[in-house]
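Below you'll find the structure, written out as structure tokens, and then a few comments.
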There are 2 protein chains.
Amino acid sequence: MIDMPTFEDVAAAAARIKPYTHETRVVGSRLLNKYLGVEVLIKCENQQRAGSFKSRGVFNAILARSERGLVSKDRGVVTYSSGNHGQAMALASYQLEIPAVVLMATDSPKVKVDMAKSYGIEVMMYDPEEDDRIAMAAEIAKERDWEVIPSFDDGELIAGHGTAVMELVREVGHLDDVVVPVGGGGLISGSALAAKVFNPNVKVWGVEPEAANDAQRSLEKGEIVTISSPMTIADGARVRHITELTFAIMKAKVDGIVSVPDDMIFTSMKLVADRLKLVAEPTGVLGLAGIKKLVADGRIERGSRVGVVLSGGNVDLDTFAACLAKPDDAIAQMQAWLA
Amino acid sequence: MIDMPTFEDVAAAAARIKPYTHETRVVGSRLLNKYLGVEVLIKCENQQRAGSFKSRGVFNAILARSERGLVSKDRGVVTYSSGNHGQAMALASYQLEIPAVVLMATDSPKVKVDMAKSYGIEVMMYDPEEDDRIAMAAEIAKERDWEVIPSFDDGELIAGHGTAVMELVREVGHLDDVVVPVGGGGLISGSALAAKVFNPNVKVWGVEPEAANDAQRSLEKGEIVTISSPMTIADGARVRHITELTFAIMKAKVDGIVSVPDDMIFTSMKLVADRLKLVAEPTGVLGLAGIKKLVADGRIERGSRVGVVLSGGNVDLDTFAACLAKPDDAIAQMQAWLA
């Protein structure tokens, strides 16, 4: 029996995290609308604290556990992530003065490890080929009598993540569709909980890279599918399988998941830089990258009002510059429209 | 006798342009503050309509002339600019349904010419080596009985540009210093008019590229200095001389102008992309680029509260990627702090 979070949990999370997170902007563009065939309303979680939506769930998970007496200045948290979840945990641990251990893979980018350490948390390394990070976290938590917070498989994380779409709907009103990136499924789970309360007919779509389409395959097959280590530029979506919790919510609330090639990710990063003047990470633009396919397939109607979460902006500048430099028909097409 | 705009003109402009412009965000960063030695409050005019602060002045100039009966659906405007002023004019002309001619140099980037045309304005080309664009504009205006709006030398443009700093101060309160880019001097003139009303002790600083420091030299010499065609990445600051109007306002209201090498522009573009997740054009980051020098010279005190206008985001993606790819000690230093 899975204890699924509800919309009430999202609403409670919103109140709880308000002092610690940004109410990010919603932006759009005349030319993006023309290119995609719909009206897009883009929630800028790349400009969220610590650079991604993950801060929402992490602040909620720590604050909620603190209310329940599970964490304190003396009883910390243990988690595992060298990505945005780890960055958010480092920020939240620093600001809420809750000690934290974050397990990071030995092959993590040095800049991410250094950034996490700069907030004063304890970083421990694991070998991604050899070690079971979940078991390691459990062991550390047991030794110290601390609390494990996983990287996405947690009702309080999911409820916190849902606050992004809740804010989006409160700002822009009616939406026909909501499109978000899918890694472990925490963001889409929270997004669906939030969106369907405001409009039961809203369609909620997830987008994965083609090489990491485990959630798409899981929904199609009706059981959790595990894939081998995915090769995609979208590091935040390099997840080998979703979990019982996120699978259950997706089965109940999500209308479909599509996958896109990495080329479409590069195109979307360029569109976001060119039209919105924003730096987005590869995983961050997956939602936007999926819309064209969803419209082409007839799953999103032309002219719909579509909310999208631009989920993160943590990309090193060399990678970002390399992504911008890829040749691109879409940008050429848009410039042709301008002529 | 020069008819100088006043703070009242800035306040009137703010009311006039409100329906047509964005109230852009103000952002900051813990690490940027540490790097610069001050608290920076950055006004994101790169996300203004048409991608720069120029939309503020242009909407004000057209609307004010329309109120005075000088322009209408039948009596248009003539201007000259292949840069942000031209882009803003194209947008405003389209939206306010005032016909417009914009003179652009034959060597203008095709994407800027196409973008302007996409709004339905008339683009006419001039040879920057051979033709006097100001005389050409005057001639076209006379033939058609239309109104010339210059590219910066105009009280209504200046008053409109001042609304950016007015919004900034209203949002963040007290500022010790305001730092903005200087091209022709329209932005700094308006910024000084706005800032000094809220705090008579605020210092207003301008920043130019070293290769285009005509305003700095003019203020030092006490008369307008004309330089030869400047070689700098900051295309918006490639101005050969300021005008009587902007020179008069700068002499009265501006505390100093510094110049920075292009390397500092690249560094600032990278800091803005890395820390703020924003795309800025080279000219757009001049204000930020000047702060370190102003602090090193003792002109801005360490720990001050400093407002900066990030003035524009119109840079083609190839140029932007090339700027990000330049080697950089500042970025390395910041990453060392994180360790």
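Residues in the structure tokens are named by chain (A, B, ... in the order shown) and by number from 1 within that chain; ligands are numbered from 1 in the order shown.
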Next item on the list: Output as JSON, numbers by chain the set of chain A residues within 10 Å of chain B, with distances taken over only C-alpha atoms.
Entry: {"A": [25, 27, 46, 47, 48, 50, 51, 110, 111, 112, 113, 114, 115, 116, 117, 118, 119, 270, 271, 272, 273, 274, 275, 276, 277, 278, 279, 280, 281, 312, 313, 314, 315, 316, 317, 318, 319, 320, 321, 322, 323, 324, 325, 326, 331, 335, 336, 337, 338, 339]}
Check: Could you pull the residues within 8 Å of segment 156-170 of chain A, counting only C-alpha atoms, minus those fewer than 3 positions along the same chain, as JSON, numbers by chain?
Finding: {"A": [5, 6, 7, 9, 10, 11, 13, 14, 17, 23, 26, 43, 45, 53, 54, 56, 57, 58, 59, 60, 61, 64, 152, 153, 173, 174, 175, 186, 187, 188, 189, 190, 191, 192, 193, 194, 195, 198, 307, 309]}
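What separates atom CA of Asp154 of chain A from atom CA of Pro261 of chain A is a distance of 29.0 Å.
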Next item on the list: Might you pull out every residue within 10 Å of Glu210 of chain B, with only C-alpha atoms counted and same-chain residues fewer than 5 positions away left off, and present them as a list of chain:residue names?
Entry: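 In the requested format, the answer is B:Gln216, B:Pro230, B:Met231, B:Thr232, B:Val258, B:Ser259, B:Val260, B:Pro261, B:Asp262.
One distance worth recording is that between atom CA of Glu147 of chain A and atom CA of Val78 of chain A, which is 6.1 Å.
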Checklist line | segment 36-42 of chain A environment, 9 Å, only C-alpha atoms, sequence neighbours closer than 3 positions dropped, as a list in words | finding: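 Close residues of segment 36-42 of chain A: Arg25, Val26, Val27, Gly28, Ser29, Arg30, Leu31, Leu32, Asn33, Leu168, Val172, Leu288, Ile291, Lys292, Val295, Ile300, Glu301, Arg302, Gly303, Ser304, Arg305, Val306, Gly307, Val308, Val309 and Leu310 of chain A.
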Note to self: Residues of segment 225-301 of chain A classed as helix (DSSP H, G or I) by DSSP on the backbone are to be reported as a VMD selection string.
What the structure shows: chain A and resid 235 to 237 244 to 253 262 to 276 283 to 296
Next item on the list: Would you work out the distance separating atom CA of Pro209 of chain B from atom CA of Phe266 of chain B, expressed in Å to one decimal?
Entry: 11.6 Å
Item checked: Contacts of segment 249-256 of chain B at 7 Å (only C-alpha atoms; same-chain gap of 3+ positions) as a list in words -> Ser189, Ala192, Lys203, Val204, Trp205, Gly206, Leu219, Leu245 and Thr246 of chain B
Margin query: At a cut-off of 12 Å, using only C-alpha atoms, what residues contact Ser72 of chain B? Leave out same-chain residues fewer than 4 positions from it and give the result as a PyMOL selection string.
Written below: chain B and resi 62-68+76-77+93+96-100+145-147
Checklist line | Members of segment 31-94 of chain B assigned strand (DSSP E or B) by DSSP, as a list in words | finding: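 In segment 31-94 of chain B, DSSP puts these residues in strand (DSSP E or B): Glu39, Val40, Leu41, Ile42, Lys43, Cys44, Ser52, Val77, Val78, Thr79 and Tyr80 of chain B.
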Could the residues in this selection be saved with all heavy atoms as a PDB file, in the first residue's frame?
ATOM      1  N   GLU B  39      27.074  44.745  -2.872  1.00  0.00           N
ATOM      2  CA  GLU B  39      25.806  44.055  -3.100  1.00  0.00           C
ATOM      3  C   GLU B  39      25.211  44.561  -4.406  1.00  0.00           C
ATOM      4  O   GLU B  39      24.860  45.737  -4.508  1.00  0.00           O
ATOM      5  CB  GLU B  39      24.831  44.324  -1.942  1.00  0.00           C
ATOM      6  CG  GLU B  39      23.514  43.598  -2.117  1.00  0.00           C
ATOM      7  CD  GLU B  39      22.434  44.014  -1.096  1.00  0.00           C
ATOM      8  OE1 GLU B  39      22.734  44.859  -0.224  1.00  0.00           O
ATOM      9  OE2 GLU B  39      21.320  43.518  -1.204  1.00  0.00           O
ATOM     10  N   VAL B  40      25.115  43.684  -5.414  1.00  0.00           N
ATOM     11  CA  VAL B  40      24.585  44.125  -6.712  1.00  0.00           C
ATOM     12  C   VAL B  40      23.115  43.791  -6.858  1.00  0.00           C
ATOM     13  O   VAL B  40      22.674  42.704  -6.490  1.00  0.00           O
ATOM     14  CB  VAL B  40      25.323  43.485  -7.920  1.00  0.00           C
ATOM     15  CG1 VAL B  40      26.615  44.222  -8.209  1.00  0.00           C
ATOM     16  CG2 VAL B  40      25.532  42.014  -7.741  1.00  0.00           C
ATOM     17  N   LEU B  41      22.377  44.734  -7.426  1.00  0.00           N
ATOM     18  CA  LEU B  41      20.948  44.563  -7.708  1.00  0.00           C
ATOM     19  C   LEU B  41      20.785  44.843  -9.195  1.00  0.00           C
ATOM     20  O   LEU B  41      20.946  45.983  -9.649  1.00  0.00           O
ATOM     21  CB  LEU B  41      20.143  45.525  -6.846  1.00  0.00           C
ATOM     22  CG  LEU B  41      20.351  45.214  -5.349  1.00  0.00           C
ATOM     23  CD1 LEU B  41      20.340  46.473  -4.512  1.00  0.00           C
ATOM     24  CD2 LEU B  41      19.314  44.224  -4.880  1.00  0.00           C
ATOM     25  N   ILE B  42      20.514  43.789  -9.939  1.00  0.00           N
ATOM     26  CA  ILE B  42      20.648  43.844 -11.396  1.00  0.00           C
ATOM     27  C   ILE B  42      19.283  43.890 -12.064  1.00  0.00           C
ATOM     28  O   ILE B  42      18.463  42.983 -11.898  1.00  0.00           O
ATOM     29  CB  ILE B  42      21.434  42.599 -11.878  1.00  0.00           C
ATOM     30  CG1 ILE B  42      22.812  42.581 -11.208  1.00  0.00           C
ATOM     31  CG2 ILE B  42      21.538  42.586 -13.395  1.00  0.00           C
ATOM     32  CD1 ILE B  42      23.538  41.258 -11.372  1.00  0.00           C
ATOM     33  N   LYS B  43      19.022  44.940 -12.816  1.00  0.00           N
ATOM     34  CA  LYS B  43      17.742  45.134 -13.501  1.00  0.00           C
ATOM     35  C   LYS B  43      17.820  44.486 -14.882  1.00  0.00           C
ATOM     36  O   LYS B  43      18.632  44.895 -15.728  1.00  0.00           O
ATOM     37  CB  LYS B  43      17.489  46.643 -13.608  1.00  0.00           C
ATOM     38  CG  LYS B  43      16.210  47.047 -14.289  1.00  0.00           C
ATOM     39  CD  LYS B  43      14.999  46.885 -13.405  1.00  0.00           C
ATOM     40  CE  LYS B  43      13.749  47.510 -14.038  1.00  0.00           C
ATOM     41  NZ  LYS B  43      12.520  46.939 -13.432  1.00  0.00           N
ATOM     42  N   CYS B  44      16.955  43.498 -15.121  1.00  0.00           N
ATOM     43  CA  CYS B  44      17.095  42.620 -16.305  1.00  0.00           C
ATOM     44  C   CYS B  44      16.440  43.191 -17.554  1.00  0.00           C
ATOM     45  O   CYS B  44      15.436  42.653 -18.048  1.00  0.00           O
ATOM     46  CB  CYS B  44      16.519  41.254 -15.993  1.00  0.00           C
ATOM     47  SG  CYS B  44      17.425  40.408 -14.689  1.00  0.00           S
ATOM     48  N   SER B  52      15.762  44.864 -25.147  1.00  0.00           N
ATOM     49  CA  SER B  52      16.617  45.883 -24.520  1.00  0.00           C
ATOM     50  C   SER B  52      15.792  47.032 -23.938  1.00  0.00           C
ATOM     51  O   SER B  52      14.610  47.192 -24.267  1.00  0.00           O
ATOM     52  CB  SER B  52      17.628  46.454 -25.514  1.00  0.00           C
ATOM     53  OG  SER B  52      17.055  47.531 -26.238  1.00  0.00           O
ATOM     54  N   VAL B  77       7.014  57.908 -38.484  1.00  0.00           N
ATOM     55  CA  VAL B  77       8.299  58.325 -37.925  1.00  0.00           C
ATOM     56  C   VAL B  77       9.440  57.761 -38.764  1.00  0.00           C
ATOM     57  O   VAL B  77       9.303  56.731 -39.414  1.00  0.00           O
ATOM     58  CB  VAL B  77       8.461  57.851 -36.459  1.00  0.00           C
ATOM     59  CG1 VAL B  77       7.447  58.547 -35.550  1.00  0.00           C
ATOM     60  CG2 VAL B  77       8.334  56.340 -36.337  1.00  0.00           C
ATOM     61  N   VAL B  78      10.560  58.482 -38.729  1.00  0.00           N
ATOM     62  CA  VAL B  78      11.765  58.047 -39.436  1.00  0.00           C
ATOM     63  C   VAL B  78      12.886  57.970 -38.413  1.00  0.00           C
ATOM     64  O   VAL B  78      13.080  58.893 -37.612  1.00  0.00           O
ATOM     65  CB  VAL B  78      12.165  59.049 -40.537  1.00  0.00           C
ATOM     66  CG1 VAL B  78      13.353  58.514 -41.335  1.00  0.00           C
ATOM     67  CG2 VAL B  78      10.979  59.345 -41.444  1.00  0.00           C
ATOM     68  N   THR B  79      13.641  56.864 -38.418  1.00  0.00           N
ATOM     69  CA  THR B  79      14.781  56.771 -37.515  1.00  0.00           C
ATOM     70  C   THR B  79      15.894  55.986 -38.199  1.00  0.00           C
ATOM     71  O   THR B  79      15.745  55.537 -39.343  1.00  0.00           O
ATOM     72  CB  THR B  79      14.394  56.155 -36.159  1.00  0.00           C
ATOM     73  OG1 THR B  79      15.461  56.349 -35.225  1.00  0.00           O
ATOM     74  CG2 THR B  79      14.108  54.664 -36.284  1.00  0.00           C
ATOM     75  N   TYR B  80      17.026  55.847 -37.483  1.00  0.00           N
ATOM     76  CA  TYR B  80      18.180  55.151 -38.057  1.00  0.00           C
ATOM     77  C   TYR B  80      18.831  54.332 -36.963  1.00  0.00           C
ATOM     78  O   TYR B  80      19.134  54.822 -35.890  1.00  0.00           O
ATOM     79  CB  TYR B  80      19.185  56.162 -38.641  1.00  0.00           C
ATOM     80  CG  TYR B  80      19.268  57.454 -37.853  1.00  0.00           C
ATOM     81  CD1 TYR B  80      20.056  57.544 -36.707  1.00  0.00           C
ATOM     82  CD2 TYR B  80      18.520  58.569 -38.238  1.00  0.00           C
ATOM     83  CE1 TYR B  80      20.107  58.725 -35.972  1.00  0.00           C
ATOM     84  CE2 TYR B  80      18.561  59.754 -37.498  1.00  0.00           C
ATOM     85  CZ  TYR B  80      19.364  59.818 -36.367  1.00  0.00           C
ATOM     86  OH  TYR B  80      19.409  60.965 -35.640  1.00  0.00           O
TER      87      TYR B  80
END
Checklist line | For Thr226 of chain B: contacts at 8 Å, only C-alpha atoms, fewer than 4 positions along chain excluded, given as a ChimeraX atom specification | finding: /B:214,240-241
